[in-house]
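Worksheet: one structure, shown below.
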Amino acid sequence: MNFWSNLQAVAGTVPLGWLTLGFYAATLALFFYVPAERLRLRTAAVLYAVALAGFSVMALMQHGGMGESTTYAWVKWATRFIEWVTIINVSRVLLVNVLFALVRFHPPRIAIDLVLAISYIVVGLTLLTQSGVNLSGILVTSTVITAAVAFSLQDTLGNIMGGLALQMERTVSVGDWIRIGADEGRVSEIRWRQTSIETRNWDTIVIPNSVLMRGQVTLLGHRTAAPRQQRRWVYFNVDFRYAPSEVIAAVEAALRADPIEHVAREPAPHCLMVDFKDSYGYYAARYWLTDLALTDPTDSVVRHRVYFALKRAGIPPSIPAQMLFVEADDPKRRERKRGEELARRDEALRHCVLFSALTEDERTELATNLNVAPFIRGEIITRQGAVAHWLYILRRGEAEVRVRADGSDLSQRVATLREGDFFGEMGLLTGEPRTATIIALTDVDCYRLDKQHFNEVLQRRPEVAQDLAHILAQRRVELDAILEGLNEEAKRQRMSHLRTDFLGRIRKFFTLDRHEKRNGG
């Protein structure tokens, strides 16, 4: 027989050329279809080339009359074993990464590796049997060796069995956030011997699987049939001079008024009083975090909300009783600081067109009654449809005006407010619900004027209501023109109607008609 005949004879019943062509065609197709397994496929292709070289060596030995030698038997076993290893690996990629993926079946990685290892052992033993090797003696000897190895490597075997149990039971899966002792992290990998977790500090902790199986592991934010979210606590202190009901109401209103990124809507954030300390009440704002990697940044945003909510309510965080602040002060200094603040408020009122008809004394009176109202970026200052009898003057920062059409959940941005702008005049002058939602684009400071303080000015000079009605009508027509696309004639007609309507509503809201009748007006 010539070399090629010997080559086909040692290769088996399947034509070697067609087998090789089919193998490399399948490997090439999977190479492009499953990029994640390219290293495995590349290795299989190289090993198959080694097997082809082994078949060539076997054919040469046959041609040289060495077909019955012990060397030929071992070359045959090694060549066949390498051939089957390559076929098993390519079949593994086809089965797991293609067929299983199509039916959305994802077996644990350790189980796949275990099946792969068993396949190698079965193929190796089968080929040995076919080569005429007596396996009974090998099995007896290997049992003794296995017992000795198992005794000396019991920790390693414990880790391997622990890893197998973890993946088969799926108690802990890749992507879970877990706590082991003082360490917290996201499970990034479960291997035969160890499990790796990545912490929020960009550290990777490698934990032996036997430790995971023996110790207590906390699955963070994990509850059956519930979204992955974890409850967080943000603590703060408030002096006893302020009632707990006021503190809790202010904080909960701020936390629930506007969605906070990575904070669950359900359960809703809430506030509670935790304890009584020596000189202050101990409070906590609690919320549910939806992205467990962002604990500190989200806590910081919640602290911002709490701080600004307390500041708006006039509730300062408590100062520890043991601290003593000494500050040089005298009546002249206090009067100077008061005068500077009053001048700033008067300047804000002077640039507000709504109060252009007021006298200098009337503006000064209003300035002394303005309240400071700060808001954090992203917070809703006023909400469309809400009823509030006060007006805001923007002192610092920017805010946007959004209007929601009737029956729609979407709002349209219609304007941007900047320093010196005012809003909420309809609530102050007519009691009408808010016609737009105002959202802080940056941290803003506002002056707030309440109805009760403006009422005193109008009761003394009811004729100011006419100027106010004109200004209100003008602002309303400008807003309607944006929403409805009014032409100039429609704007003039609506202006005339609204001016009369607003004047009547202002008089009614402030009971000016009865006041004028009592004074003969």
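Here, A, B, ... name the chains of the structure tokens in the order displayed, residue numbers run from 1 inside each chain, and ligands are numbered from 1 in the same displayed order.
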Task: Distance query Val93 in chain A at most 9 Å, only C-alpha atoms, self and fewer than 5 positions along chain excluded, as number ranges by chain - done: A: 30, 34, 37, 40-41, 88, 98
Would you export the selected residues with all heavy atoms as an mmCIF file, in the first residue's frame, please?
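What ended up in part_27.cif:
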```
data_model
loop_
_atom_site.group_PDB
_atom_site.id
_atom_site.type_symbol
_atom_site.label_atom_id
_atom_site.label_comp_id
_atom_site.auth_asym_id
_atom_site.auth_seq_id
_atom_site.Cartn_x
_atom_site.Cartn_y
_atom_site.Cartn_z
ATOM 1 N N LEU A 30 -18.408 29.085 13.220
ATOM 2 C CA LEU A 30 -18.572 29.426 14.636
ATOM 3 C C LEU A 30 -17.625 30.545 15.055
ATOM 4 O O LEU A 30 -17.946 31.339 15.944
ATOM 5 C CB LEU A 30 -18.327 28.178 15.497
ATOM 6 C CG LEU A 30 -19.378 27.068 15.371
ATOM 7 C CD1 LEU A 30 -18.917 25.817 16.124
ATOM 8 C CD2 LEU A 30 -20.726 27.540 15.923
ATOM 9 N N VAL A 34 -19.704 33.241 16.978
ATOM 10 C CA VAL A 34 -19.553 33.279 18.439
ATOM 11 C C VAL A 34 -18.195 33.908 18.774
ATOM 12 O O VAL A 34 -17.221 33.187 19.051
ATOM 13 C CB VAL A 34 -19.663 31.865 19.052
ATOM 14 C CG1 VAL A 34 -19.724 31.947 20.571
ATOM 15 C CG2 VAL A 34 -20.864 31.117 18.500
ATOM 16 N N GLU A 37 -15.962 32.854 21.905
ATOM 17 C CA GLU A 37 -15.276 31.570 21.973
ATOM 18 C C GLU A 37 -14.182 31.427 20.918
ATOM 19 O O GLU A 37 -13.786 30.320 20.560
ATOM 20 C CB GLU A 37 -16.295 30.429 21.811
ATOM 21 C CG GLU A 37 -17.303 30.323 22.929
ATOM 22 C CD GLU A 37 -16.648 29.902 24.246
ATOM 23 O OE1 GLU A 37 -15.511 29.386 24.206
ATOM 24 O OE2 GLU A 37 -17.281 30.090 25.305
ATOM 25 N N ARG A 40 -11.013 29.417 22.067
ATOM 26 C CA ARG A 40 -11.240 27.974 22.115
ATOM 27 C C ARG A 40 -11.235 27.372 20.701
ATOM 28 O O ARG A 40 -10.640 26.313 20.462
ATOM 29 C CB ARG A 40 -12.571 27.690 22.812
ATOM 30 C CG ARG A 40 -12.889 26.195 22.956
ATOM 31 C CD ARG A 40 -14.293 26.015 23.514
ATOM 32 N NE ARG A 40 -14.421 26.613 24.830
ATOM 33 C CZ ARG A 40 -14.098 26.001 25.967
ATOM 34 N NH1 ARG A 40 -13.610 24.756 25.929
ATOM 35 N NH2 ARG A 40 -14.250 26.595 27.122
ATOM 36 N N LEU A 41 -11.900 28.063 19.770
ATOM 37 C CA LEU A 41 -11.975 27.550 18.400
ATOM 38 C C LEU A 41 -10.602 27.591 17.711
ATOM 39 O O LEU A 41 -10.245 26.675 16.952
ATOM 40 C CB LEU A 41 -12.993 28.369 17.600
ATOM 41 C CG LEU A 41 -14.449 28.224 18.060
ATOM 42 C CD1 LEU A 41 -15.333 29.269 17.380
ATOM 43 C CD2 LEU A 41 -14.972 26.822 17.764
ATOM 44 N N ILE A 88 -14.865 17.513 20.383
ATOM 45 C CA ILE A 88 -15.693 17.793 21.570
ATOM 46 C C ILE A 88 -15.774 19.295 21.823
ATOM 47 O O ILE A 88 -16.845 19.826 22.141
ATOM 48 C CB ILE A 88 -15.123 17.051 22.790
ATOM 49 C CG1 ILE A 88 -15.364 15.539 22.655
ATOM 50 C CG2 ILE A 88 -15.746 17.577 24.081
ATOM 51 C CD1 ILE A 88 -14.666 14.714 23.722
ATOM 52 N N VAL A 98 -24.855 28.181 20.727
ATOM 53 C CA VAL A 98 -25.796 28.368 19.613
ATOM 54 C C VAL A 98 -27.144 27.735 19.932
ATOM 55 O O VAL A 98 -28.165 28.436 20.040
ATOM 56 C CB VAL A 98 -25.212 27.788 18.307
ATOM 57 C CG1 VAL A 98 -26.214 27.957 17.157
ATOM 58 C CG2 VAL A 98 -23.898 28.469 17.958
#
```
Open item on the list: Report as a PyMOL selection string all protein, DNA and RNA residues lying within 6 Å of range 265-274 of chain A, evaluated on only C-alpha atoms, omitting residues in the same chain fewer than 4 positions from it.
Closed with: chain A and resi 248+252+282-287
Output C-alpha atoms of each residue in that selection to a file, as a compact mmCIF listing (two decimals), in the first residue's frame.
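Okay, this is what ended up in again11.txt:
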```txt
# COMPACT_ATOMS: atom_id res chain seq x y z
CA ILE A 248 -40.89 65.08 59.01
CA GLU A 252 -41.00 63.99 53.14
CA TYR A 282 -32.01 62.30 65.81
CA TYR A 283 -33.77 61.82 62.45
CA ALA A 284 -33.37 59.60 59.40
CA ALA A 285 -34.53 59.93 55.81
CA ARG A 286 -35.05 56.43 54.38
CA TYR A 287 -35.25 55.52 50.72
```
Task: Atom pair CA of Val372 in chain A / CA of Ala257 in chain A: separation (Å) - done: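 According to the coordinates, CA of Val372 in chain A and CA of Ala257 in chain A are separated by 19.8 Å.
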TODO: Run DSSP on the backbone and grab whatever in range 231-396 of chain A lands in helix (DSSP H, G or I); send it over as a count of residues only.
DONE: 64
Select from range 326-410 of chain A every residue with an atom at most 12 Å from any atom of range 470-485 of chain A, then for each give the shortest pair of atoms and their distance in Å to one decimal, using only C-alpha atoms, rows by chain and rising number, as CSV.
```
residue,atom,partner,partner_atom,distance
A:Cys352,CA,A:Ile471,CA,11.0
A:Val353,CA,A:Ile471,CA,7.9
A:Leu354,CA,A:Ile471,CA,6.5
A:Phe355,CA,A:Ile471,CA,9.7
A:Ser356,CA,A:Ile471,CA,9.9
A:Ala357,CA,A:Ile471,CA,10.6
A:Val401,CA,A:Leu479,CA,10.7
A:Arg402,CA,A:Leu479,CA,11.2
A:Val403,CA,A:Leu483,CA,9.1
A:Arg404,CA,A:Leu483,CA,10.4
A:Ala405,CA,A:Leu483,CA,9.1
```
Open item on the list: So that I can check the surroundings of Ala243 in chain A, please list as a VMD selection string every protein, DNA and RNA residue that reaches within 12 Å of it, counting only C-alpha atoms and ignoring chain neighbours fewer than 3 positions away.
Closed with: chain A and resid 238 to 240 246 to 250 273 280 to 281 283 313 315
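If only C-alpha atoms are the atoms counted, then among A:Leu128, A:Ala399, A:Ala415, A:Ile506 the closest residue to Asn455 in chain A is A:Ile506.
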Task: Nearest-residue call for Tyr24 in chain A, choices A:Val57, A:Ile381, A:Leu486, A:Val90, using only C-alpha atoms - done: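 Going through A:Val57, A:Ile381, A:Leu486, A:Val90 one by one, the smallest distance to Tyr24 in chain A is for A:Val90.
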